[in-house]
$ cat work.csv   # CSV, C-alpha atoms
chain,number,residue,atom,x,y,z
I,1037,MET,CA,-46.3,102.0,129.1
I,1038,ILE,CA,-43.4,104.1,127.6
I,1039,GLU,CA,-44.1,107.8,128.3
I,1040,ILE,CA,-41.0,109.2,126.5
I,1041,ASP,CA,-39.1,107.7,123.7
I,1042,ALA,CA,-36.0,109.3,122.0
I,1043,GLN,CA,-33.2,107.8,119.9
I,1044,VAL,CA,-30.3,108.7,117.7
I,1045,ASP,CA,-27.9,107.0,115.4
I,1046,LEU,CA,-24.3,107.7,116.2
I,1047,SER,CA,-21.1,107.2,114.2
I,1048,HIS,CA,-19.1,106.0,117.3
I,1049,PRO,CA,-18.4,102.6,118.9
I,1050,THR,CA,-20.6,101.5,121.8
I,1051,ASP,CA,-17.9,101.7,124.4
I,1052,ARG,CA,-17.4,105.4,123.7
I,1053,VAL,CA,-21.1,106.1,124.0
I,1054,TRP,CA,-21.2,104.1,127.2
I,1055,GLN,CA,-18.5,106.3,128.6
I,1056,ALA,CA,-20.4,109.5,127.8
I,1057,LEU,CA,-23.5,108.0,129.5
I,1058,THR,CA,-21.8,106.8,132.7
I,1059,ASN,CA,-19.0,109.3,133.4
I,1060,PRO,CA,-20.4,112.2,135.5
I,1061,GLN,CA,-18.0,114.8,134.1
I,1062,LEU,CA,-19.0,113.9,130.6
I,1063,LEU,CA,-22.7,113.7,131.4
I,1064,SER,CA,-22.4,117.3,132.8
I,1065,ARG,CA,-21.0,118.5,129.5
I,1066,TRP,CA,-23.8,117.3,127.2
I,1067,PHE,CA,-26.9,116.7,129.4
I,1068,THR,CA,-26.9,118.6,132.7
I,1069,GLU,CA,-24.7,119.3,135.7
I,1070,THR,CA,-24.2,116.0,137.6
I,1071,GLU,CA,-23.1,115.3,141.1
I,1072,THR,CA,-22.1,111.9,142.5
I,1073,VAL,CA,-23.9,111.2,145.8
I,1074,SER,CA,-22.6,107.7,146.5
I,1075,GLN,CA,-20.8,104.8,144.8
I,1076,ALA,CA,-22.6,101.9,146.5
I,1077,PRO,CA,-25.3,102.0,145.6
I,1078,ARG,CA,-24.4,104.2,142.6
I,1079,ARG,CA,-26.4,107.4,143.0
I,1080,LEU,CA,-26.2,110.7,141.2
I,1081,LEU,CA,-28.0,114.0,141.5
I,1082,LEU,CA,-28.9,115.7,138.2
I,1083,HIS,CA,-29.4,119.4,138.5
I,1084,THR,CA,-32.4,119.6,136.1
I,1085,ALA,CA,-34.5,122.2,137.8
I,1086,GLY,CA,-35.6,124.7,135.2
I,1087,LEU,CA,-34.8,122.5,132.1
I,1088,PRO,CA,-37.7,121.9,129.7
I,1089,GLY,CA,-40.1,119.4,131.2
I,1090,PHE,CA,-38.4,119.2,134.6
I,1091,ASP,CA,-39.7,120.7,137.8
I,1092,ALA,CA,-36.8,119.9,140.2
I,1093,ALA,CA,-33.5,118.2,140.5
I,1094,VAL,CA,-33.6,114.4,139.9
I,1095,ASP,CA,-32.1,111.9,142.3
I,1096,VAL,CA,-30.9,108.9,140.2
I,1097,GLU,CA,-30.0,105.4,141.3
I,1098,VAL,CA,-28.5,102.8,139.0
I,1099,THR,CA,-30.6,99.7,139.3
I,1100,GLU,CA,-29.1,97.7,136.3
I,1101,GLN,CA,-26.2,98.0,134.0
I,1102,ARG,CA,-24.6,95.8,131.4
I,1103,ALA,CA,-21.7,97.6,129.7
I,1104,PRO,CA,-21.8,98.7,127.0
I,1105,GLU,CA,-25.4,97.8,126.1
I,1106,LEU,CA,-27.9,98.6,128.9
I,1107,LEU,CA,-28.2,101.2,131.7
I,1108,VAL,CA,-31.4,101.3,133.8
I,1109,LEU,CA,-32.0,104.2,136.3
I,1110,GLN,CA,-34.7,104.9,138.8
I,1111,CYS,CA,-35.3,108.6,138.9
I,1112,GLN,CA,-37.0,110.5,141.8
I,1113,GLU,CA,-38.1,114.0,141.0
I,1114,GLY,CA,-40.1,115.5,143.8
I,1115,ASP,CA,-43.2,113.1,144.2
I,1116,ARG,CA,-42.7,111.7,140.8
I,1117,ARG,CA,-40.8,108.5,140.2
I,1118,THR,CA,-39.8,107.2,136.7
I,1119,ARG,CA,-37.8,104.4,135.2
I,1120,LEU,CA,-35.2,105.5,132.6
I,1121,THR,CA,-33.8,102.9,130.3
I,1122,CYS,CA,-30.8,103.6,127.9
I,1123,THR,CA,-30.1,100.9,125.3
I,1124,ILE,CA,-27.0,100.9,123.0
I,1125,THR,CA,-27.3,98.7,119.9
I,1126,ARG,CA,-24.5,98.2,117.4
I,1127,THR,CA,-25.1,99.3,113.8
I,1128,ALA,CA,-23.1,99.1,110.6
I,1129,ASP,CA,-21.9,102.7,111.0
I,1130,GLY,CA,-21.6,102.8,114.8
I,1131,CYS,CA,-24.5,102.4,117.2
I,1132,ARG,CA,-28.0,103.5,118.0
I,1133,LEU,CA,-28.8,105.0,121.4
I,1134,SER,CA,-32.5,104.6,122.6
I,1135,VAL,CA,-33.8,106.4,125.7
I,1136,GLU,CA,-37.1,105.4,127.2
I,1137,GLU,CA,-38.7,106.8,130.3
I,1138,THR,CA,-41.7,105.3,132.0
I,1139,MET,CA,-43.8,106.7,134.9
I,1140,GLU,CA,-43.9,104.5,138.0
I,1141,HIS,CA,-45.5,106.9,140.5
I,1142,GLY,CA,-47.1,110.3,140.2
I,1143,THR,CA,-48.6,112.1,137.2
I,1144,TRP,CA,-47.1,113.7,134.1
I,1145,PRO,CA,-48.8,116.6,132.4
I,1146,ALA,CA,-48.8,116.2,128.7
I,1147,GLU,CA,-47.1,119.5,128.1
I,1148,ASP,CA,-44.2,118.6,130.5
I,1149,ARG,CA,-43.8,115.2,128.9
I,1150,ASP,CA,-43.6,116.7,125.4
I,1151,GLN,CA,-41.1,119.3,126.5
I,1152,ARG,CA,-39.0,116.7,128.2
I,1153,GLU,CA,-39.0,114.4,125.2
I,1154,ARG,CA,-37.9,117.3,122.9
I,1155,TYR,CA,-35.1,118.2,125.3
I,1156,TYR,CA,-33.9,114.5,125.3
I,1157,GLN,CA,-33.9,114.5,121.5
I,1158,GLN,CA,-32.1,117.8,121.2
I,1159,THR,CA,-29.3,116.8,123.5
I,1160,LEU,CA,-29.0,113.3,121.9
I,1161,THR,CA,-28.7,114.8,118.4
I,1162,GLY,CA,-26.7,117.9,119.2
I,1163,ARG,CA,-24.5,118.1,122.2
I,1164,LEU,CA,-23.9,114.3,122.7
I,1165,PRO,CA,-22.3,113.8,119.2
I,1166,ALA,CA,-20.1,116.9,119.8
I,1167,ILE,CA,-18.8,115.3,123.1
I,1168,LEU,CA,-18.3,111.9,121.3
I,1169,ASP,CA,-16.3,113.6,118.6
I,1170,TRP,CA,-14.1,115.3,121.2
I,1171,LEU,CA,-13.6,112.0,123.0
I,1172,ALA,CA,-12.5,110.4,119.7
I,1173,PHE,CA,-9.7,112.9,119.5
I,1174,GLN,CA,-8.4,111.9,122.9
I,1175,GLN,CA,-7.7,108.5,121.4
I,1176,VAL,CA,-5.6,109.7,118.4
I,1177,ASP,CA,-1.9,108.9,118.6
I,1178,LEU,CA,0.0,111.3,116.4
I,1179,ARG,CA,3.2,109.2,116.5
I,1180,ARG,CA,4.3,108.0,113.0
I,1181,GLY,CA,6.5,104.9,112.8
I,1182,GLU,CA,9.3,105.0,115.2
I,1183,ASP,CA,9.9,108.7,115.1
I,1184,PRO,CA,9.3,110.7,118.3
I,1185,PRO,CA,5.9,112.1,118.7
I,1186,THR,CA,5.3,115.3,116.8
I,1187,ALA,CA,2.3,116.4,119.0
I,1188,GLU,CA,0.4,115.1,122.0
I,1189,LEU,CA,-3.2,115.7,122.7
I,1190,PRO,CA,-4.0,116.5,126.3
I,1191,ALA,CA,-5.4,113.6,128.3
I,1192,ILE,CA,-9.0,114.0,129.4
I,1193,ALA,CA,-9.4,114.8,133.1
I,1194,LEU,CA,-11.7,111.9,134.0
I,1195,SER,CA,-11.9,109.3,136.8
I,1196,GLY,CA,-10.1,106.8,134.4
I,1197,ARG,CA,-7.7,107.1,131.6
I,1198,VAL,CA,-9.1,106.9,128.1
I,1199,PRO,CA,-7.4,103.9,126.4
I,1200,ALA,CA,-5.6,104.5,123.1
I,1201,PRO,CA,-6.3,102.0,120.2
I,1202,ALA,CA,-4.0,99.0,120.4
I,1203,ASP,CA,-3.7,98.6,116.6
I,1204,ARG,CA,-1.0,100.9,115.1
I,1205,ARG,CA,-2.5,100.6,111.6
I,1206,ARG,CA,-5.8,101.8,112.9
I,1207,ARG,CA,-4.1,104.8,114.6
I,1208,LEU,CA,-2.3,105.7,111.4
I,1209,ALA,CA,-5.5,105.5,109.4
I,1210,ILE,CA,-7.2,107.9,111.8
I,1211,VAL,CA,-4.2,110.2,111.7
I,1212,ALA,CA,-4.4,110.3,107.9
I,1213,ALA,CA,-7.9,111.6,108.1
I,1214,VAL,CA,-7.2,114.2,110.8
I,1215,THR,CA,-5.8,117.5,109.5
I,1216,ALA,CA,-4.7,120.7,111.1
I,1217,ALA,CA,-8.0,122.2,110.2
I,1218,THR,CA,-9.8,119.4,112.1
I,1219,LEU,CA,-7.9,120.1,115.3
I,1220,ALA,CA,-8.7,123.8,115.1
I,1221,THR,CA,-12.3,123.0,114.6
I,1222,GLY,CA,-12.3,120.6,117.5
I,1223,ALA,CA,-10.8,123.2,119.8
I,1224,ALA,CA,-13.3,125.8,118.7
I,1225,LEU,CA,-16.2,123.4,119.3
I,1226,TRP,CA,-15.0,122.5,122.7
I,1227,ALA,CA,-14.7,126.2,123.6
I,1228,LEU,CA,-18.4,126.5,122.8
I,1229,LEU,CA,-19.3,124.0,125.6
I,1230,PRO,CA,-18.3,125.8,128.8
I,1231,ASP,CA,-19.3,124.3,132.2
I,1232,ASP,CA,-21.8,127.2,132.8
I,1233,ALA,CA,-23.3,127.2,129.4
I,1234,ASP,CA,-27.0,127.8,129.2
I,1235,GLN,CA,-28.1,124.3,128.0
I,1236,THR,CA,-31.7,125.5,127.4
I,1237,ALA,CA,-30.7,128.0,124.8
I,1238,ALA,CA,-32.6,127.4,121.5
I,1239,PRO,CA,-30.7,127.5,118.2
I,1240,ALA,CA,-30.4,130.8,116.4
I,1241,PRO,CA,-33.6,131.6,114.6
I,1242,LEU,CA,-33.8,131.3,110.9
I,1243,PRO,CA,-34.0,134.4,108.8
I,1244,PRO,CA,-37.5,135.5,107.9
I,1245,PRO,CA,-38.9,134.3,104.6
I,1246,PRO,CA,-38.1,136.5,101.6
I,1247,THR,CA,-40.8,139.1,100.7
I,1248,ALA,CA,-42.0,139.8,97.2
I,1249,GLY,CA,-39.3,141.6,95.2
I,1250,ALA,CA,-36.5,140.8,97.7
I,1251,THR,CA,-33.3,139.3,96.5
I,1252,SER,CA,-31.1,136.9,98.5
I,1253,ASP,CA,-27.4,137.8,98.8
I,1254,ASN,CA,-26.6,134.1,98.3
I,1255,ALA,CA,-28.8,133.6,95.3
I,1256,ALA,CA,-27.0,132.6,92.1
I,1257,PRO,CA,-26.9,135.4,89.5
I,1258,ARG,CA,-29.3,135.0,86.6
I,1259,THR,CA,-28.3,135.5,83.1
I,1260,THR,CA,-30.9,137.4,81.1
I,1261,ARG,CA,-31.1,138.0,77.4
I,1262,SER,CA,-32.1,141.4,76.1
I,1263,SER,CA,-35.2,141.5,73.9
I,1264,ARG,CA,-33.8,144.5,72.0
I,1265,PRO,CA,-31.9,143.6,68.8
I,1266,SER,CA,-28.3,144.6,68.3
I,1267,SER,CA,-27.5,147.8,66.5
I,1268,ALA,CA,-26.1,145.9,63.5
I,1269,ALA,CA,-29.2,143.9,63.2
I,1270,ALA,CA,-31.3,147.0,63.5
I,1271,ARG,CA,-29.5,148.7,60.6
I,1272,SER,CA,-29.7,145.6,58.4
I,1273,THR,CA,-33.5,145.3,58.9
I,1274,PRO,CA,-35.6,147.3,56.4
I,1275,ARG,CA,-38.1,149.6,58.0
I,1276,PRO,CA,-41.7,149.0,57.1
I,1277,SER,CA,-43.7,151.8,55.4
I,1278,ARG,CA,-45.5,154.2,57.6
I,1279,THR,CA,-48.9,153.5,56.1
I,1280,PRO,CA,-51.4,154.0,58.8
I,1281,THR,CA,-53.1,150.8,59.9
I,1282,ALA,CA,-55.9,150.2,62.1
I,1283,THR,CA,-54.9,149.1,65.6
I,1284,PRO,CA,-57.3,146.6,67.1
I,1285,SER,CA,-58.6,147.5,70.5
I,1286,ARG,CA,-57.3,145.5,73.5
I,1287,THR,CA,-59.9,143.8,75.6
I,1288,PRO,CA,-58.8,143.8,79.3
I,1289,THR,CA,-58.3,140.4,80.7
I,1290,SER,CA,-58.0,139.3,84.3
I,1291,ALA,CA,-54.8,137.4,85.2
I,1292,ALA,CA,-55.4,133.8,86.3
I,1293,PRO,CA,-54.6,133.3,89.9
I,1294,SER,CA,-51.2,131.6,90.4
I,1295,ALA,CA,-50.9,128.4,92.3
I,1296,ALA,CA,-49.3,128.4,95.7
I,1297,THR,CA,-45.5,128.2,95.6
I,1298,MET,CA,-43.6,126.5,98.4
I,1299,THR,CA,-40.5,128.2,99.7
I,1300,ALA,CA,-37.7,126.8,101.9
I,1301,ARG,CA,-35.1,128.3,104.3
I,1302,TYR,CA,-32.0,126.4,105.3
I,1303,ALA,CA,-29.8,126.9,108.4
I,1304,THR,CA,-27.1,124.9,110.2
I,1305,THR,CA,-28.3,124.7,113.8
I,1306,ALA,CA,-25.4,122.7,115.3
I,1307,THR,CA,-21.8,121.8,114.3
I,1308,ARG,CA,-19.6,119.0,115.3
I,1309,ILE,CA,-16.0,118.0,114.4
I,1310,LEU,CA,-17.2,115.4,111.9
I,1311,GLY,CA,-20.6,116.7,111.0
I,1312,TYR,CA,-23.5,119.1,111.6
I,1313,THR,CA,-27.2,119.4,112.1
I,1314,GLY,CA,-29.2,121.1,109.3
I,1315,GLN,CA,-32.7,122.5,109.5
I,1316,VAL,CA,-35.0,123.4,106.6
I,1317,VAL,CA,-38.3,125.3,107.2
I,1318,LEU,CA,-40.9,124.9,104.4
I,1319,ASP,CA,-43.3,127.8,104.0
I,1320,ASN,CA,-46.7,127.9,102.2
I,1321,PRO,CA,-47.3,131.6,102.2
I,1322,ASP,CA,-50.7,131.6,100.6
I,1323,GLY,CA,-53.1,129.8,98.3
I,1324,PRO,CA,-54.3,126.2,98.7
I,1325,ALA,CA,-52.5,123.6,100.8
I,1326,ALA,CA,-49.6,122.0,99.1
I,1327,LYS,CA,-50.8,118.5,98.6
I,1328,SER,CA,-47.3,117.2,97.8
I,1329,TRP,CA,-43.8,118.5,97.9
I,1330,THR,CA,-40.3,117.3,97.4
I,1331,LEU,CA,-37.3,118.7,99.2
I,1332,VAL,CA,-33.9,117.6,97.8
I,1333,VAL,CA,-30.7,118.3,99.8
I,1334,THR,CA,-27.4,117.7,98.1
I,1335,LEU,CA,-24.6,116.8,100.5
I,1336,ALA,CA,-20.9,117.3,100.1
I,1337,GLU,CA,-18.8,114.3,98.9
I,1338,GLY,CA,-18.8,111.6,101.6
I,1339,GLY,CA,-21.8,113.1,103.6
I,1340,THR,CA,-24.3,110.7,105.2
I,1341,VAL,CA,-27.6,111.5,106.9
I,1342,THR,CA,-27.8,109.5,110.2
I,1343,ASN,CA,-31.0,110.8,111.6
I,1344,ALA,CA,-33.9,113.0,110.4
I,1345,GLN,CA,-37.2,114.4,111.8
I,1346,GLY,CA,-40.2,116.0,110.3
I,1347,ALA,CA,-40.4,114.1,107.0
I,1348,ASN,CA,-39.8,110.8,105.3
I,1349,TRP,CA,-36.4,110.6,103.7
I,1350,GLN,CA,-34.1,108.5,101.7
I,1351,GLN,CA,-30.5,109.0,100.5
I,1352,ASP,CA,-29.2,108.1,97.0
I,1353,GLY,CA,-25.5,109.0,96.7
I,1354,ARG,CA,-25.2,112.7,97.6
I,1355,ALA,CA,-28.9,113.5,97.1
I,1356,VAL,CA,-31.2,113.2,100.1
I,1357,THR,CA,-35.0,113.4,99.2
I,1358,PHE,CA,-37.5,114.4,101.8
I,1359,THR,CA,-41.3,114.1,101.4
I,1360,GLY,CA,-44.1,114.7,103.9
I,1361,ALA,CA,-47.6,115.7,104.8
I,1362,PRO,CA,-49.5,118.6,103.1
I,1363,VAL,CA,-48.6,122.1,104.4
I,1364,PRO,CA,-51.8,124.2,104.9
I,1365,ALA,CA,-51.9,127.8,103.6
I,1366,GLY,CA,-50.0,130.2,105.8
I,1367,GLN,CA,-48.3,127.5,107.8
I,1368,SER,CA,-44.8,126.0,107.9
I,1369,GLN,CA,-43.1,122.6,108.2
I,1370,THR,CA,-39.7,122.1,109.9
I,1371,ILE,CA,-37.3,119.4,108.9
I,1372,THR,CA,-34.1,118.7,110.9
I,1373,PHE,CA,-31.4,116.2,109.9
I,1374,ASP,CA,-28.0,115.1,111.2
I,1375,VAL,CA,-25.1,114.8,108.7
I,1376,ARG,CA,-21.9,112.9,109.3
I,1377,ASN,CA,-19.1,114.2,107.0
I,1378,PRO,CA,-15.5,113.1,107.0
I,1379,ASP,CA,-14.3,116.5,105.9
I,1380,PRO,CA,-14.3,118.7,109.0
I,1381,ARG,CA,-14.5,121.9,106.9
I,1382,THR,CA,-18.0,121.0,105.6
I,1383,LYS,CA,-20.7,122.4,107.8
I,1384,ALA,CA,-23.6,122.8,105.3
I,1385,PRO,CA,-25.0,121.0,102.2
I,1386,GLU,CA,-23.9,122.0,98.8
I,1387,GLY,CA,-27.4,122.5,97.5
I,1388,CYS,CA,-31.1,122.6,98.5
I,1389,THR,CA,-34.3,122.8,96.4
I,1390,ILE,CA,-38.0,122.6,97.1
I,1391,ASP,CA,-39.9,121.4,94.0
I,1392,GLY,CA,-37.0,122.6,91.9
I,1393,THR,CA,-36.8,126.1,93.5
I,1394,PRO,CA,-33.5,126.8,95.4
I,1395,CYS,CA,-33.7,127.2,99.1
I,1396,THR,CA,-32.6,130.5,100.8
I,1397,GLY,CA,-29.8,130.5,103.4
I,1398,LEU,CA,-27.2,128.6,101.4
$ encode --input "work.csv" --output "structure tokens"
Amino acid sequence: MIEIDAQVDLSHPTDRVWQALTNPQLLSRWFTETETVSQAPRRLLLHTAGLPGFDAAVDVEVTEQRAPELLVLQCQEGDRRTRLTCTITRTADGCRLSVEETMEHGTWPAEDRDQRERYYQQTLTGRLPAILDWLAFQQVDLRRGEDPPTAELPAIALSGRVPAPADRRRRLAIVAAVTAATLATGAALWALLPDDADQTAAPAPLPPPPTAGATSDNAAPRTTRSSRPSSAAARSTPRPSRTPTATPSRTPTSAAPSAATMTARYATTATRILGYTGQVVLDNPDGPAAKSWTLVVTLAEGGTVTNAQGANWQQDGRAVTFTGAPVPAGQSQTITFDVRNPDPRTKAPEGCTIDGTPCTGL
């Protein structure tokens, strides 16, 4: 029985993902600090004590591997033994990585299991794509034609050299897409991943929902029309006589209660060289539960959603439509999605609406 199941669609080839899974130095960058215990049999020590869902360090032994498709590990964590299976499947845009963990001996409290699964999903959709983007840049050859190289990217300090692509046309195509801004972005992202980084840190919290009467700094200005006629029109309009007329009395009426209005807040929770992770929090502040809602996120040109959680979704061109379960009064619904965008300067959608109302945060 599978206790934990997490997966992610990646815009990278299978061999690059395999390298990120099996190289201890790379594994330390995106999952947790890793130490090689022995080579035969292949054993690693994962320093997971204190991470969400982990009680102690995990002693890992590789029991089966079939590069670049399958990696099976036996994990010993105190008196708990599990079987961790990593499967890499080719897709049209890259590959899909699936991680499944099954209990073989011991018990697993439901809370620990849920926290562990969330940590897997967060690292798979956040830190792993950033490392894969960085690895991709190690394979870029900036030589053009027969001219001497104009720049050299530093070789990665790993146990083995990262091979450069054999096909020159492919290298030149990659170079055409990589600009100076991309290299600067890649350096900045790598600087955000120090060896001693706190990998349990949660993304920055979203700003609180706007209160009644508050105005967002990012909201588009509204053009209003004055109900007062122009001075010229006032002069040309004859004034009525001042004959007293009876004014009917006004009967007080009670305003009809307005229906509950959904609001939405957007934030970019993670950035990568060729994409980002977005998050939208839907709020139903009061009134009845929202029986149906439609969230539409408009991506920049070339953007593609590769993975989403918290709602059903479909993409049509640049528009990504999310729908989901009703949101009870006074509660929220969180939606996260990963975007791959060929423009490294794009780190947020161009638009976001909930039932036609613009989201805040953009």
$ atom_distance --input "work.csv" --atom1 "atom CA of I:Cys1388" --atom2 "atom CA of I:Val1333"
4.5 Å
$ closest_residue --input "work.csv" --among "I:Gly1130, I:Pro1378, I:Pro1104, I:Gly1346" --to "I:Leu1331" --atoms "only C-alpha atoms"
I:Gly1346
$ closest_residue --input "work.csv" --among "I:Leu1081, I:Ile1167, I:Cys1111, I:Leu1120" --to "I:Ala1056" --atoms "all atoms listed in the file"
I:Ile1167
$ atom_distance --input "work.csv" --atom1 "atom CA of I:Pro1060" --atom2 "atom CA of I:Thr1072"
7.2 Å
$ atom_distance --input "work.csv" --atom1 "atom CA of I:Thr1050" --atom2 "atom CA of I:Asp1169"
13.2 Å
$ residues_around --input "work.csv" --residues "I:Pro1165" --least-positions-apart "5" --cutoff "10 Å" --atoms "only C-alpha atoms" --output "list of chain:residue names"
I:Val1044, I:Asp1045, I:Leu1046, I:Ser1047, I:His1048, I:Val1053, I:Ala1056, I:Trp1066, I:Thr1159, I:Leu1160, I:Trp1170, I:Leu1171, I:Thr1307, I:Arg1308, I:Ile1309, I:Leu1310, I:Gly1311, I:Tyr1312, I:Asp1374, I:Arg1376
$ residues_around --input "work.csv" --residues "stretch 1300-1305 of chain I" --least-positions-apart "5" --cutoff "6 Å" --atoms "all atoms listed in the file" --output "number ranges by chain"
I: 1239, 1313-1318, 1395-1397
$ write_last_selection --input "work.csv" --atoms "C-alpha atoms" --output "PDB file, keeping the file's coordinate frame"
ATOM      1  CA  PRO I1239     -30.700 127.500 118.200  1.00  0.00           C
ATOM      2  CA  THR I1313     -27.200 119.400 112.100  1.00  0.00           C
ATOM      3  CA  GLY I1314     -29.200 121.100 109.300  1.00  0.00           C
ATOM      4  CA  GLN I1315     -32.700 122.500 109.500  1.00  0.00           C
ATOM      5  CA  VAL I1316     -35.000 123.400 106.600  1.00  0.00           C
ATOM      6  CA  VAL I1317     -38.300 125.300 107.200  1.00  0.00           C
ATOM      7  CA  LEU I1318     -40.900 124.900 104.400  1.00  0.00           C
ATOM      8  CA  CYS I1395     -33.700 127.200  99.100  1.00  0.00           C
ATOM      9  CA  THR I1396     -32.600 130.500 100.800  1.00  0.00           C
ATOM     10  CA  GLY I1397     -29.800 130.500 103.400  1.00  0.00           C
TER      11      GLY I1397
END
$ closest_residue --input "work.csv" --among "I:Ala1092, I:Val1098, I:Met1298, I:Leu1107" --to "I:Thr1393" --atoms "all atoms listed in the file"
I:Met1298
$ residues_around --input "work.csv" --residues "I:Arg1119" --least-positions-apart "6" --cutoff "7 Å" --atoms "only C-alpha atoms" --output "list of chain:residue names"
I:Leu1109, I:Gln1110, I:Cys1111, I:Glu1137, I:Thr1138, I:Met1139, I:Glu1140
$ axis_aligned_box --input "work.csv" --around "stretch 1084-1096 of chain I" --padding-each-side "8 Å" --output "JSON"
{"center_x": -35.5, "center_y": 116.8, "center_z": 136.0, "size_x": 25.2, "size_y": 31.8, "size_z": 28.6}
$ residues_around --input "work.csv" --residues "I:Trp1349" --least-positions-apart "3" --cutoff "7 Å" --atoms "all atoms listed in the file" --output "list in words"
Val1356, Thr1357, Phe1358 and Thr1359 of chain I
$ closest_residue --input "work.csv" --among "I:Glu1105, I:Asp1091, I:Asp1129, I:Glu1071" --to "I:Trp1054" --atoms "all atoms listed in the file"
I:Glu1105
